[in-house]
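In what follows, a structure is listed as structure tokens, so that the remarks can point back to it.
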Amino acid sequence: MLETDLYKPVYDYLVRQGYTVHSEVKNCDITAIKGEELIVVELKTSFNLKLLAQGAKRQRIADSVYVAIPVPKGGKRSAGWSDMCLLLRRLELGLILVAPDKNPGVEIVFHPNTFDRLKSVNSAKKQRRHIIREVEARYGDYNVGGSTKRKLMTAYRENSVFIACCFLKYGRLSPAQLKKLGTGVKTPSILAKNFYGWFEKISKGIYTLNPQAEEFLQGYPDLVGYYMGKLDQQPSDFFQNKKPIGHEPEKNSGNTSIIVHLEPETPEY
């Protein structure tokens, strides 16, 4: 399709609306005049930066500016449709879709309107809160900006790493014990959903770590070091109120050490 194929449907539409229409006036693809009102329409066979720049320039001279493009493949469900509309609305440009082989051959998707930035900001307050909470929940920055095809270190994943470190240090634990170590209120949900497949439920309310998690943790030594250091700051008798369920002497060069297994308390969900 050529830009000239877009012209006739747009021309006919504007004439039906009572405008006097001309083409290629002072670099404007289409001009339409009714009384003192001047409308400019820029035609392009695809949505691109050049089209936006042309539209912005025409706003200096016209009362209203529209961009006209062919109906995209997939229509309004096509990839990038919502982003395109957001950008055009933000620039206060109108959008016309053209289908020369149909009748009517044009659709006015939206007219140029003043962009209400305050309304836009207020509508995104929830997203803003989510971003701030996500940042606050992360310890470090382990991602590379612009990444699209690699696993990202999110606050949820960091929380899972912290839980994994607790298992590395203490062995089997209950959700209640983990929360007392500081893993947070999402601990029972993280263990139950086991999104990354790192945890194993070995008995009612008792979990441990599997080798898959240990392999992943090797790729983030700084993060693991941070959380292990955090756990090392816990008092040595942190679980002193837990009842030992077994004492096994371990013989090693004549020295005897005691391995104490802690009886887990009833988990809190």
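Following the order of the structure tokens, chains are lettered A, B, ..., residues in each are numbered from 1, and ligands are numbered from 1.
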Requested in this report: Quick one: everything within 7 Å of Ile206 (chain A), counting only C-alpha atoms, minus sequence neighbours fewer than 4 positions away in the same chain. Send it as a list in words.
Outcome: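 So, after excluding close chain neighbours, the residues are Arg172, Leu173, Ser174, Lys201 and Ile202 of chain A.
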Written file, previous selection with N, CA and C atoms, as a compact mmCIF listing (two decimals), in the first residue's frame:
```
# COMPACT_ATOMS: atom_id res chain seq x y z
N ARG A 172 16.10 -28.45 58.07
CA ARG A 172 14.65 -28.43 57.92
C ARG A 172 14.03 -27.42 58.87
N LEU A 173 13.00 -26.72 58.37
CA LEU A 173 12.35 -25.67 59.15
C LEU A 173 10.87 -25.60 58.82
N SER A 174 10.12 -25.00 59.71
CA SER A 174 8.70 -24.74 59.47
C SER A 174 8.54 -23.30 59.00
N LYS A 201 8.71 -30.57 50.75
CA LYS A 201 7.95 -30.78 51.98
C LYS A 201 8.23 -32.20 52.46
N ILE A 202 8.88 -32.30 53.62
CA ILE A 202 9.30 -33.63 54.07
C ILE A 202 8.34 -34.23 55.09
```
Query raised in the report: For the atom pair CA of Lys151 (chain A) and CA of Val135 (chain A), what is the interatomic distance in Å to one decimal place?
Result: 17.1 Å
**Report entry** helix (DSSP H, G or I) positions in region 41-228 of chain A, given as a count of residues only
**Finding:** 87
Counting only C-alpha atoms, which residues of region 108-132 of chain A fall within 10 Å of region 77-89 of chain A, and what is the closest atom pair for each with its distance in Å at one decimal, ordered by chain and rising number, as CSV?
```
residue,atom,partner,partner_atom,distance
A:Val109,CA,A:Cys85,CA,9.1
A:Phe110,CA,A:Arg89,CA,8.5
A:His111,CA,A:Arg89,CA,8.9
A:Pro112,CA,A:Arg89,CA,7.2
A:Asn113,CA,A:Arg89,CA,7.3
A:Thr114,CA,A:Arg89,CA,8.2
A:Phe115,CA,A:Arg89,CA,6.5
A:Asp116,CA,A:Arg89,CA,9.6
```
Saved selection, atoms kept: C-alpha atoms, as a PDB file, in the first residue's frame:
```pdb
ATOM      1  CA  VAL A 109     -10.330   6.071  16.503  1.00  0.00           C
ATOM      2  CA  PHE A 110     -10.057   9.244  18.582  1.00  0.00           C
ATOM      3  CA  HIS A 111      -9.913  12.986  18.035  1.00  0.00           C
ATOM      4  CA  PRO A 112      -7.084  15.222  19.282  1.00  0.00           C
ATOM      5  CA  ASN A 113      -7.736  16.215  22.896  1.00  0.00           C
ATOM      6  CA  THR A 114      -5.785  17.959  25.624  1.00  0.00           C
ATOM      7  CA  PHE A 115      -3.857  15.330  27.566  1.00  0.00           C
ATOM      8  CA  ASP A 116      -4.718  15.339  31.273  1.00  0.00           C
TER       9      ASP A 116
END
```
Requested in this report: Name the residues in contact with region 102-106 of chain A at a cut-off of 8 Å, using only C-alpha atoms, excluding same-chain residues fewer than 4 positions from it; report them as a list in words.
Outcome: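 The filter keeps Pro9, Val10, Tyr13, Ile96, Leu97 and Val98 of chain A.
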Report summary line: Computed gap from CA of Tyr207 (chain A) to CA of Pro188 (chain A) is 10.4 Å
Query raised in the report: For Ile163 (chain A), which of A:Pro70, A:Leu118, A:Lys230, A:Gln218 is the closest residue, counting only C-alpha atoms?
Result: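 Ranking A:Pro70, A:Leu118, A:Lys230, A:Gln218 by distance to Ile163 (chain A), first place goes to A:Lys230.
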Report task. List every residue of region 25-255 of chain A that DSSP, applied to the backbone, labels as strand (DSSP E or B), and write the result as a VMD selection string. Result -> chain A and resid 25 28 to 34 37 to 43 64 to 70 94 to 98 106 to 110 173 199 to 203 206 to 209 244 to 252 255
Report task. In Å, rounded to a single decimal, give me how far CA of Ile132 (chain A) is from CA of Ala176 (chain A). Result -> 27.1 Å
Query raised in the report: Which residue gives the smallest distance to Asn159 (chain A) among A:Leu191, A:Leu38, A:Ile131, A:Ala68, with only C-alpha atoms counted?
Result: A:Leu191
Query - Surrounding residues of Phe162 (chain A) excluding itself and chain neighbours under 2 positions, 8 Å, only C-alpha atoms, as a ChimeraX atom specification - result: /A:158-160,164-166,183,224,227
Query raised in the report: Do you know which residues are at most 9 Å from Val41 (chain A) counting only C-alpha atoms, after dropping those on the same chain fewer than 3 positions away, and could you put them as a list in words?
Result: Val10, Cys28, Asp29, Ile30, Thr31, Ala32, Gly55, Arg58, Ser64, Val65, Tyr66, Val67, Ala68, Gly94 and Ile96 of chain A
Take the residues from that selection and write them out as a PDB file, in the first residue's frame, keeping C-alpha atoms.
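The new file again-v1.pdb reads:
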```
ATOM      1  CA  VAL A  10      -9.640  10.479   4.075  1.00  0.00           C
ATOM      2  CA  CYS A  28       1.097  19.090   4.782  1.00  0.00           C
ATOM      3  CA  ASP A  29      -0.317  15.870   3.305  1.00  0.00           C
ATOM      4  CA  ILE A  30      -3.942  16.964   3.739  1.00  0.00           C
ATOM      5  CA  THR A  31      -5.415  20.295   4.863  1.00  0.00           C
ATOM      6  CA  ALA A  32      -9.089  20.739   5.687  1.00  0.00           C
ATOM      7  CA  GLY A  55       2.405  15.544  13.536  1.00  0.00           C
ATOM      8  CA  ARG A  58       1.911  20.544  12.264  1.00  0.00           C
ATOM      9  CA  SER A  64      -6.161  19.874  15.153  1.00  0.00           C
ATOM     10  CA  VAL A  65      -3.737  17.309  13.750  1.00  0.00           C
ATOM     11  CA  TYR A  66      -4.503  13.699  12.842  1.00  0.00           C
ATOM     12  CA  VAL A  67      -2.269  10.859  11.710  1.00  0.00           C
ATOM     13  CA  ALA A  68      -3.744   8.391   9.230  1.00  0.00           C
ATOM     14  CA  GLY A  94      -5.856  12.218  16.577  1.00  0.00           C
ATOM     15  CA  ILE A  96      -7.491   7.715  11.705  1.00  0.00           C
TER      16      ILE A  96
END
```
Query - Top pick for closest residue to Gly225 (chain A), considering A:Lys8, A:Lys169, A:Lys204, A:Lys179 and counting only C-alpha atoms - result: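 Checking each of A:Lys8, A:Lys169, A:Lys204, A:Lys179 against Gly225 (chain A), counting only C-alpha atoms, the winner is A:Lys169.
Residue nearest Gly75 (chain A) within the list A:Arg129, A:Ala137, A:Ala99, A:Leu168: A:Ala99 [criterion: smallest interatomic distance, only C-alpha atoms].
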